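As provided, input-v7.txt (compact mmCIF, C-alpha atoms) reads as follows.
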```txt
# COMPACT_ATOMS: atom_id res chain seq x y z
CA MET A 2 54.05 90.18 112.98
CA LEU A 3 56.87 91.94 111.16
CA ARG A 4 58.65 89.90 108.51
CA ILE A 5 62.33 90.76 108.89
CA VAL A 6 65.54 90.12 106.97
CA PHE A 7 68.48 90.30 109.37
CA MET A 8 71.97 91.18 108.16
CA GLY A 9 74.93 90.73 110.50
CA THR A 10 78.13 88.77 110.91
CA PRO A 11 80.11 88.66 114.21
CA ASP A 12 79.42 87.73 117.83
CA PHE A 13 78.42 91.33 118.54
CA ALA A 14 75.24 90.85 116.51
CA ILE A 15 74.10 87.63 118.19
CA PRO A 16 71.99 89.04 121.09
CA THR A 17 70.18 91.38 118.68
CA PHE A 18 69.59 88.55 116.22
CA GLN A 19 68.30 86.29 119.02
CA MET A 20 65.80 88.94 120.13
CA LEU A 21 64.45 89.20 116.58
CA ILE A 22 64.14 85.41 116.36
CA ASP A 23 62.23 85.33 119.65
CA GLU A 24 59.91 88.26 118.92
CA TYR A 25 59.42 88.49 115.15
CA ASP A 26 59.31 86.50 111.92
CA VAL A 27 62.90 86.41 110.62
CA VAL A 28 62.60 85.11 107.07
CA LEU A 29 66.26 85.36 105.99
CA ALA A 30 69.69 85.87 107.54
CA VAL A 31 72.30 87.59 105.37
CA THR A 32 75.91 87.30 106.47
CA LYS A 33 79.44 87.25 105.11
CA PRO A 34 80.91 84.10 103.50
CA ASP A 35 82.64 81.44 105.58
CA LYS A 36 86.37 82.06 105.92
CA PRO A 37 89.54 80.47 107.34
CA LYS A 38 90.05 81.02 111.05
CA GLY A 39 92.90 80.43 113.48
CA ARG A 40 96.38 79.08 112.90
CA GLY A 41 95.10 75.91 111.27
CA GLY A 42 93.11 77.85 108.70
CA ALA A 43 90.00 75.73 109.13
CA ILE A 44 86.93 77.17 107.41
CA ALA A 45 84.56 78.68 109.98
CA MET A 46 81.01 79.93 109.72
CA PRO A 47 80.12 83.45 110.89
CA PRO A 48 78.32 83.39 114.28
CA VAL A 49 75.15 84.76 112.68
CA LYS A 50 75.05 81.80 110.29
CA GLU A 51 75.45 79.34 113.15
CA LEU A 52 72.51 80.84 115.04
CA ALA A 53 70.35 81.01 111.92
CA MET A 54 70.95 77.35 111.15
CA LYS A 55 70.10 76.43 114.73
CA HIS A 56 66.67 78.01 114.21
CA ASN A 57 66.20 76.75 110.62
CA ILE A 58 66.34 80.25 109.16
CA PRO A 59 67.53 80.41 105.52
CA VAL A 60 71.03 81.86 105.15
CA TYR A 61 72.41 83.92 102.27
CA GLN A 62 76.17 84.62 102.10
CA PRO A 63 76.98 86.87 99.14
CA SER A 64 80.48 88.18 98.54
CA SER A 65 78.99 91.45 97.26
CA ALA A 66 75.90 93.46 98.15
CA LYS A 67 75.83 95.22 94.79
CA THR A 68 74.92 92.44 92.37
CA PRO A 69 71.59 91.74 90.64
CA GLU A 70 71.49 88.44 92.53
CA PHE A 71 71.67 90.24 95.89
CA TYR A 72 68.80 92.51 94.92
CA GLU A 73 66.63 89.67 93.62
CA THR A 74 67.30 87.48 96.66
CA LEU A 75 66.25 90.21 99.08
CA LYS A 76 63.26 91.13 96.94
CA ALA A 77 62.10 87.52 97.00
CA ALA A 78 62.21 87.53 100.81
CA ASN A 79 59.22 89.89 100.74
CA ALA A 80 60.18 91.44 104.08
CA ASP A 81 58.52 94.35 105.87
CA LEU A 82 61.85 95.49 107.30
CA PHE A 83 65.58 94.95 107.00
CA VAL A 84 67.69 95.10 110.17
CA THR A 85 71.47 95.35 110.04
CA CYS A 86 73.92 94.95 112.91
CA ALA A 87 77.66 94.77 112.22
CA TYR A 88 77.05 93.36 108.74
CA GLY A 89 80.00 95.12 107.15
CA LYS A 90 78.60 95.95 103.71
CA ILE A 91 76.99 99.08 102.28
CA LEU A 92 73.51 98.61 100.80
CA THR A 93 72.39 100.32 97.60
CA ALA A 94 69.41 102.68 97.36
CA GLU A 95 67.57 100.07 95.29
CA VAL A 96 67.95 97.44 97.99
CA LEU A 97 67.02 99.87 100.78
CA ALA A 98 63.80 100.72 98.94
CA LEU A 99 62.57 97.10 98.92
CA PRO A 100 60.95 96.69 102.36
CA LYS A 101 57.85 98.63 103.44
CA TYR A 102 59.60 100.14 106.48
CA GLY A 103 63.07 100.47 105.02
CA CYS A 104 66.20 99.35 106.86
CA ILE A 105 67.18 99.97 110.49
CA ASN A 106 70.80 99.73 111.57
CA VAL A 107 71.99 98.94 115.11
CA HIS A 108 75.23 100.91 115.57
CA ALA A 109 77.70 100.80 118.48
CA SER A 110 78.16 104.51 119.15
CA ILE A 111 76.26 107.65 120.00
CA LEU A 112 75.82 108.99 116.51
CA PRO A 113 76.97 111.17 114.83
CA ALA A 114 80.16 110.33 116.77
CA TYR A 115 82.23 107.37 115.56
CA ARG A 116 80.63 106.47 112.29
CA GLY A 117 82.33 103.60 110.53
CA ALA A 118 83.73 100.17 111.22
CA ALA A 119 85.50 100.46 114.59
CA PRO A 120 83.54 102.68 117.01
CA LEU A 121 84.24 100.47 120.05
CA TRP A 122 88.00 100.71 119.70
CA HIS A 123 88.13 104.44 119.09
CA ALA A 124 85.75 105.38 121.90
CA VAL A 125 88.05 103.71 124.44
CA ILE A 126 91.32 104.81 122.81
CA ASP A 127 90.06 108.40 122.80
CA GLY A 128 89.21 108.21 126.50
CA GLN A 129 85.47 108.82 126.08
CA ALA A 130 83.36 108.71 129.23
CA GLU A 131 80.36 107.08 127.57
CA SER A 132 79.21 105.15 124.54
CA GLY A 133 75.94 103.61 123.51
CA ILE A 134 73.74 101.98 120.91
CA THR A 135 72.06 104.08 118.24
CA THR A 136 69.37 102.76 115.95
CA MET A 137 69.13 104.68 112.70
CA MET A 138 67.40 104.54 109.36
CA THR A 139 69.96 103.23 106.92
CA ASP A 140 70.68 105.32 103.86
CA VAL A 141 73.37 105.04 101.20
CA GLY A 142 75.99 106.86 103.33
CA MET A 143 78.29 105.51 106.04
CA ASP A 144 76.08 105.66 109.16
CA THR A 145 74.54 108.95 108.02
CA GLY A 146 70.83 108.14 108.33
CA ASP A 147 68.25 109.61 110.70
CA ILE A 148 68.58 108.68 114.37
CA LEU A 149 65.68 106.69 115.84
CA HIS A 150 66.66 105.77 119.40
CA ILE A 151 69.77 106.00 121.61
CA ASP A 152 70.66 104.13 124.81
CA ARG A 153 73.82 105.22 126.61
CA THR A 154 76.28 103.45 128.90
CA PRO A 155 79.31 104.77 130.82
CA ILE A 156 82.89 103.81 130.00
CA SER A 157 84.93 103.51 133.19
CA GLU A 158 88.58 104.59 133.26
CA ASP A 159 89.76 100.97 133.20
CA MET A 160 87.14 99.41 130.91
CA THR A 161 88.65 97.54 127.97
CA MET A 162 87.36 97.46 124.43
CA GLY A 163 86.35 93.84 125.00
CA GLU A 164 84.27 94.78 128.02
CA LEU A 165 82.60 97.63 126.13
CA HIS A 166 81.93 95.22 123.26
CA ASP A 167 80.06 92.85 125.58
CA THR A 168 78.14 95.68 127.26
CA LEU A 169 76.94 97.18 123.98
CA SER A 170 76.25 93.79 122.41
CA ALA A 171 73.87 93.07 125.30
CA LEU A 172 72.33 96.55 125.02
CA GLY A 173 71.57 96.22 121.29
CA PRO A 174 68.39 94.11 121.67
CA LYS A 175 66.91 96.58 124.17
CA THR A 176 67.51 99.56 121.92
CA LEU A 177 66.19 97.79 118.84
CA LYS A 178 63.10 96.47 120.64
CA ALA A 179 62.20 100.00 121.80
CA THR A 180 62.65 101.17 118.21
CA LEU A 181 60.46 98.44 116.74
CA ASP A 182 57.77 98.95 119.39
CA ALA A 183 57.58 102.60 118.36
CA LEU A 184 57.55 101.63 114.69
CA GLU A 185 54.58 99.31 115.18
CA ALA A 186 52.79 101.88 117.35
CA GLY A 187 53.25 104.58 114.73
CA THR A 188 55.18 106.80 117.18
CA LEU A 189 58.68 106.44 115.76
CA VAL A 190 60.47 109.78 115.46
CA ARG A 191 63.29 110.34 112.99
CA THR A 192 65.95 112.90 113.94
CA PRO A 193 68.41 113.98 111.23
CA GLN A 194 72.05 113.80 112.26
CA ASN A 195 74.17 116.91 112.62
CA HIS A 196 76.79 116.04 110.03
CA ASP A 197 79.07 118.86 111.22
CA GLN A 198 79.54 116.95 114.49
CA ALA A 199 80.33 113.63 112.86
CA THR A 200 83.53 111.72 113.57
CA TYR A 201 84.83 108.63 111.79
CA ALA A 202 86.14 105.43 113.38
CA ALA A 203 88.54 103.87 110.89
CA MET A 204 89.38 100.18 110.90
CA VAL A 205 92.09 99.09 113.32
CA ASP A 206 94.87 96.65 112.49
CA ARG A 207 97.81 95.13 114.33
CA GLU A 208 99.89 98.26 113.94
CA SER A 209 97.17 100.29 115.67
CA GLY A 210 98.47 98.96 118.99
CA HIS A 211 102.02 100.27 118.57
CA ILE A 212 102.85 102.37 121.64
CA ALA A 213 104.54 105.75 121.21
CA TRP A 214 106.13 106.44 124.59
CA ASN A 215 106.38 110.16 123.94
CA LYS A 216 102.61 110.33 124.46
CA SER A 217 101.13 110.86 127.92
CA ALA A 218 100.63 108.04 130.41
CA LYS A 219 96.87 108.57 130.15
CA GLU A 220 96.90 108.32 126.35
CA ILE A 221 98.97 105.13 126.45
CA HIS A 222 96.74 103.61 129.13
CA ASN A 223 93.72 104.32 126.91
CA LEU A 224 95.47 102.71 123.94
CA VAL A 225 96.24 99.60 126.01
CA ARG A 226 92.64 99.11 127.14
CA GLY A 227 91.26 100.19 123.75
CA THR A 228 93.20 97.43 121.96
CA ASN A 229 92.42 94.69 124.50
CA PRO A 230 91.70 91.95 123.43
CA PHE A 231 92.54 92.87 119.82
CA PRO A 232 94.93 93.83 118.34
CA VAL A 233 96.73 94.29 121.72
CA ALA A 234 99.10 97.17 122.44
CA TYR A 235 102.78 96.38 121.99
CA THR A 236 106.22 97.89 122.32
CA ASN A 237 109.69 97.00 121.11
CA THR A 238 112.73 96.89 123.36
CA VAL A 239 116.11 98.29 122.38
CA THR A 240 117.35 94.70 122.09
CA GLY A 241 114.79 94.03 119.36
CA SER A 242 112.19 91.91 121.16
CA ARG A 243 108.49 92.69 121.14
CA VAL A 244 106.39 92.83 124.31
CA LYS A 245 102.60 92.96 124.27
CA ILE A 246 101.07 95.17 126.95
CA TRP A 247 97.69 93.89 128.15
CA LYS A 248 97.01 95.93 131.27
CA THR A 249 98.39 99.12 132.79
CA ARG A 250 97.75 101.66 135.53
CA VAL A 251 98.42 105.38 135.44
CA VAL A 252 100.67 106.16 138.43
CA LYS A 253 101.18 109.83 137.64
CA GLU A 254 99.34 111.79 134.94
CA THR A 255 101.84 114.65 134.83
CA GLY A 256 105.54 115.34 135.23
CA ASN A 257 108.79 114.28 133.61
CA HIS A 258 109.99 110.93 134.96
CA GLY A 259 112.85 110.22 132.61
CA VAL A 260 113.41 109.56 128.94
CA PRO A 261 110.13 108.24 127.46
CA GLY A 262 110.25 104.45 127.32
CA THR A 263 112.65 104.09 130.27
CA VAL A 264 111.64 101.13 132.45
CA SER A 265 112.27 101.09 136.21
CA VAL A 266 111.98 97.63 137.78
CA GLY A 267 111.75 96.69 141.44
CA LYS A 268 109.91 94.22 143.72
CA GLY A 269 107.78 92.72 140.96
CA GLN A 270 106.85 96.12 139.62
CA ALA A 271 107.65 97.84 136.33
CA LEU A 272 107.16 101.57 135.79
CA VAL A 273 107.63 103.26 132.43
CA ALA A 274 108.36 106.94 131.87
CA CYS A 275 106.07 108.54 129.30
CA GLY A 276 106.15 111.85 127.48
CA GLU A 277 103.97 113.10 130.32
CA GLY A 278 103.45 111.06 133.49
CA LEU A 279 104.33 107.56 134.67
CA LEU A 280 102.70 104.23 133.73
CA GLU A 281 102.77 100.93 135.62
CA LEU A 282 102.73 97.71 133.60
CA LEU A 283 100.41 95.09 135.12
CA GLU A 284 100.03 92.32 132.51
CA VAL A 285 102.44 91.65 129.66
CA GLN A 286 103.28 88.96 127.14
CA GLY A 287 106.69 88.25 125.65
CA GLU A 288 107.31 86.72 122.24
CA ASN A 289 106.16 83.08 122.01
CA ALA A 290 104.94 83.23 125.61
CA ARG A 291 101.65 83.40 127.47
CA LYS A 292 100.12 86.48 129.02
CA MET A 293 101.25 86.96 132.63
CA THR A 294 101.47 89.46 135.44
CA VAL A 295 104.56 91.65 135.48
CA GLY A 296 105.70 89.91 138.65
CA GLU A 297 105.58 86.54 136.87
CA TYR A 298 107.28 87.94 133.80
CA LEU A 299 110.16 89.43 135.77
CA ASN A 300 110.94 86.05 137.34
CA GLY A 301 112.39 84.88 134.05
CA HIS A 302 112.76 87.96 131.87
CA THR A 303 114.20 91.43 131.94
CA LEU A 304 112.55 94.65 130.86
CA ASP A 305 114.86 97.34 129.57
CA GLN A 306 114.46 100.50 127.54
CA PHE A 307 111.43 100.56 125.26
CA GLU A 308 111.66 102.21 121.88
```
Represent the structure contained in this file as structure tokens.
Amino acid sequence: MLRIVFMGTPDFAIPTFQMLIDEYDVVLAVTKPDKPKGRGGAIAMPPVKELAMKHNIPVYQPSSAKTPEFYETLKAANADLFVTCAYGKILTAEVLALPKYGCINVHASILPAYRGAAPLWHAVIDGQAESGITTMMTDVGMDTGDILHIDRTPISEDMTMGELHDTLSALGPKTLKATLDALEAGTLVRTPQNHDQATYAAMVDRESGHIAWNKSAKEIHNLVRGTNPFPVAYTNTVTGSRVKIWKTRVVKETGNHGVPGTVSVGKGQALVACGEGLLELLEVQGENARKMTVGEYLNGHTLDQFE
């Protein structure tokens, strides 16, 4: 049975980690340090640590992956294979050379597209029709190693980033298991990436959700679903308030329907003119308020010109 060191941090990695626990000998879990979470700032463990502790798997939480201690700790694990999934740190060549079979990464895109930290967000924001899980041999670059196995899944026109997250998180164990089966059978094929076709998915932050109404209705709709549930698309009104936009519908993809950002309200409905096309707001959230349907929001609020 393969002795495996697993490296991962967030909820996304949990199904993949659970599969490894069920099927293999996981000798160490490496994850990021505990950190404050929520408004109260209480210290919280990463999800991977919680699952490891539940199964009595040793946990290592270094602040850096480039120290002598990191190298010695992983060397002492005497693993056949390292597996990473949303770990968030780059491994050195010396560390990657430790296990017999190297290191396999479980990545949430169809490589070489969307290398980097935020492939889920960018695939939806860019209006892609599909995404997937790629397993690859980790090297010292940013998701540049040889491709081992790919499983694909469609992205519907209304799928949110959160829904894609859950779909790919559940797909990860299947893709990795197929990869490890081939590894053990001696049939694993490595396919070098075409680096000329690579794209990069940069980190998103709260400002990534800022809506520019001079863009098309389709582009704005994709931004809304691609930032749901985080960081959430938002717009400012001419009166200075901020409104989060959780859900939209493209009414018209083309045509000029007024000055971009102009809101037309009637019978519990709100339509916004875009640079190209017309967008209906379905779920919104005002400042210091809960998320609600536009009909509910309009019962006690007004929507005017958006900036």
Among the residues A:Gly146, A:Gly39, A:Gly89, A:Pro69, the one that comes closest to Leu112 (chain A) [using only C-alpha atoms]: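 Under the stated criterion, the closest residue is A:Gly146.
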Expected answer as number ranges by chain: all residues with atoms within 9 Å of (71.5, 93.6, 115.3), only C-alpha atoms: A: 7-9, 13-21, 84-88, 106-108, 170, 173-174, 177
Residue nearest Ile105 (chain A) - candidates A:Gln194, A:Thr176, A:Asn223, A:Asn257, atoms counted: only C-alpha atoms: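 Residue with the minimum atom-to-atom distance to Ile105 (chain A): A:Thr176.
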Polymer residues at most 10 Å from Gly259 (chain A), all atoms listed in the file, same-chain spacing of 5 or more positions, as a PyMOL selection string: chain A and resi 264-265+273-279
Spatial neighbours of Ser209 (chain A), max dist 8 Å, only C-alpha atoms, sep filter under 3 positions, as a PyMOL selection string: chain A and resi 205-206+228+232+234
Can you spit out the residues from that selection as a PDB file, in the coordinates of the input, using C-alpha atoms?
```
ATOM      1  CA  VAL A 205      92.090  99.090 113.320  1.00  0.00           C
ATOM      2  CA  ASP A 206      94.870  96.650 112.490  1.00  0.00           C
ATOM      3  CA  THR A 228      93.200  97.430 121.960  1.00  0.00           C
ATOM      4  CA  PRO A 232      94.930  93.830 118.340  1.00  0.00           C
ATOM      5  CA  ALA A 234      99.100  97.170 122.440  1.00  0.00           C
TER       6      ALA A 234
END
```
d(CA of Gln270 (chain A), CA of Met293 (chain A)) in Å: 12.8 Å
Distance of CA of Val27 (chain A) from CA of Glu51 (chain A), expressed in Å to one decimal place: 14.6 Å
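Nearest residue to Leu189 (chain A), choosing from A:Ile22, A:Val252, A:Leu92, A:Met138 and counting only C-alpha atoms: A:Met138.
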Region 244-250 of chain A surroundings by all atoms listed in the file, 7 Å radius, close-in-sequence under 4 positions cut, as a list in words: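 Skipping anything fewer than 4 positions along the chain leaves His222, Val225, Arg226, Asn229, Val233, Ala234, Tyr235, Thr236, Asn237, Leu280, Glu281, Leu282, Leu283, Glu284, Val285, Gln286, Gly287 and Glu288 of chain A.
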Distance criterion (all atoms listed in the file): nearest to Lys216 (chain A) out of A:Val260, A:Met162, A:Ala179, A:Leu299: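 Among A:Val260, A:Met162, A:Ala179, A:Leu299, it is A:Val260 that comes nearest to Lys216 (chain A).
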Residue nearest Asp182 (chain A) among A:Leu3, A:Leu224, A:Thr93, A:Met137 (counting only C-alpha atoms):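 Of the candidates, the smallest distance to Asp182 (chain A) is held by A:Leu3.
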Selected residue, from A:Tyr72, A:Tyr201, A:Tyr115, A:Phe83, that lies nearest to Asp26 (chain A) when counting only C-alpha atoms: A:Phe83
Sphere at (89.4, 105.7, 133.0), radius 12 Å, counting only C-alpha atoms: residues as an MDAnalysis selection string: chainID A and resid 124:131 155:161 218:227 249:251 254
Distance in Å - CA of Asn79 (chain A) versus CA of Met2 (chain A): 13.3 Å
Contacts of Ala119 (chain A) within 7 Å, only C-alpha atoms, excl. fewer than 3 positions in-chain, as number ranges by chain: A: 122-123, 202-205
Put region 168-187 of chain A into a file with N, CA and C atoms, as a PDB file, in the first residue's frame.
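This is the output file part29.pdb:
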```
ATOM      1  N   THR A 168     -18.762  20.867  -7.352  1.00  0.00           N
ATOM      2  CA  THR A 168     -18.703  19.842  -8.392  1.00  0.00           C
ATOM      3  C   THR A 168     -17.284  19.314  -8.559  1.00  0.00           C
ATOM      4  N   LEU A 169     -16.314  20.228  -8.648  1.00  0.00           N
ATOM      5  CA  LEU A 169     -14.932  19.810  -8.854  1.00  0.00           C
ATOM      6  C   LEU A 169     -14.322  19.199  -7.596  1.00  0.00           C
ATOM      7  N   SER A 170     -14.736  19.685  -6.439  1.00  0.00           N
ATOM      8  CA  SER A 170     -14.264  19.092  -5.182  1.00  0.00           C
ATOM      9  C   SER A 170     -14.665  17.626  -5.104  1.00  0.00           C
ATOM     10  N   ALA A 171     -15.889  17.324  -5.550  1.00  0.00           N
ATOM     11  CA  ALA A 171     -16.373  15.936  -5.540  1.00  0.00           C
ATOM     12  C   ALA A 171     -15.728  15.107  -6.641  1.00  0.00           C
ATOM     13  N   LEU A 172     -15.293  15.756  -7.719  1.00  0.00           N
ATOM     14  CA  LEU A 172     -14.662  15.047  -8.832  1.00  0.00           C
ATOM     15  C   LEU A 172     -13.204  14.695  -8.533  1.00  0.00           C
ATOM     16  N   GLY A 173     -12.555  15.482  -7.683  1.00  0.00           N
ATOM     17  CA  GLY A 173     -11.136  15.290  -7.385  1.00  0.00           C
ATOM     18  C   GLY A 173     -10.762  13.873  -6.994  1.00  0.00           C
ATOM     19  N   PRO A 174     -11.492  13.227  -6.076  1.00  0.00           N
ATOM     20  CA  PRO A 174     -11.123  11.860  -5.680  1.00  0.00           C
ATOM     21  C   PRO A 174     -11.155  10.877  -6.844  1.00  0.00           C
ATOM     22  N   LYS A 175     -12.132  11.026  -7.735  1.00  0.00           N
ATOM     23  CA  LYS A 175     -12.246  10.123  -8.887  1.00  0.00           C
ATOM     24  C   LYS A 175     -11.033  10.256  -9.800  1.00  0.00           C
ATOM     25  N   THR A 176     -10.659  11.498 -10.082  1.00  0.00           N
ATOM     26  CA  THR A 176      -9.528  11.735 -10.972  1.00  0.00           C
ATOM     27  C   THR A 176      -8.232  11.237 -10.346  1.00  0.00           C
ATOM     28  N   LEU A 177      -8.051  11.501  -9.071  1.00  0.00           N
ATOM     29  CA  LEU A 177      -6.829  11.059  -8.397  1.00  0.00           C
ATOM     30  C   LEU A 177      -6.777   9.543  -8.298  1.00  0.00           C
ATOM     31  N   LYS A 178      -7.901   8.909  -7.997  1.00  0.00           N
ATOM     32  CA  LYS A 178      -7.908   7.438  -7.876  1.00  0.00           C
ATOM     33  C   LYS A 178      -7.530   6.792  -9.209  1.00  0.00           C
ATOM     34  N   ALA A 179      -8.056   7.318 -10.320  1.00  0.00           N
ATOM     35  CA  ALA A 179      -7.694   6.781 -11.632  1.00  0.00           C
ATOM     36  C   ALA A 179      -6.201   6.954 -11.885  1.00  0.00           C
ATOM     37  N   THR A 180      -5.663   8.080 -11.429  1.00  0.00           N
ATOM     38  CA  THR A 180      -4.232   8.353 -11.589  1.00  0.00           C
ATOM     39  C   THR A 180      -3.392   7.378 -10.776  1.00  0.00           C
ATOM     40  N   LEU A 181      -3.786   7.163  -9.534  1.00  0.00           N
ATOM     41  CA  LEU A 181      -3.004   6.269  -8.665  1.00  0.00           C
ATOM     42  C   LEU A 181      -3.142   4.811  -9.083  1.00  0.00           C
ATOM     43  N   ASP A 182      -4.306   4.430  -9.598  1.00  0.00           N
ATOM     44  CA  ASP A 182      -4.462   3.068 -10.122  1.00  0.00           C
ATOM     45  C   ASP A 182      -3.476   2.824 -11.261  1.00  0.00           C
ATOM     46  N   ALA A 183      -3.361   3.821 -12.152  1.00  0.00           N
ATOM     47  CA  ALA A 183      -2.421   3.691 -13.271  1.00  0.00           C
ATOM     48  C   ALA A 183      -0.975   3.686 -12.776  1.00  0.00           C
ATOM     49  N   LEU A 184      -0.696   4.485 -11.767  1.00  0.00           N
ATOM     50  CA  LEU A 184       0.652   4.514 -11.194  1.00  0.00           C
ATOM     51  C   LEU A 184       1.037   3.141 -10.663  1.00  0.00           C
ATOM     52  N   GLU A 185       0.142   2.524  -9.909  1.00  0.00           N
ATOM     53  CA  GLU A 185       0.436   1.221  -9.316  1.00  0.00           C
ATOM     54  C   GLU A 185       0.494   0.117 -10.369  1.00  0.00           C
ATOM     55  N   ALA A 186      -0.256   0.303 -11.460  1.00  0.00           N
ATOM     56  CA  ALA A 186      -0.264  -0.702 -12.523  1.00  0.00           C
ATOM     57  C   ALA A 186       0.902  -0.528 -13.494  1.00  0.00           C
ATOM     58  N   GLY A 187       1.631   0.580 -13.344  1.00  0.00           N
ATOM     59  CA  GLY A 187       2.748   0.841 -14.240  1.00  0.00           C
ATOM     60  C   GLY A 187       2.327   1.331 -15.610  1.00  0.00           C
TER      61      GLY A 187
END
```
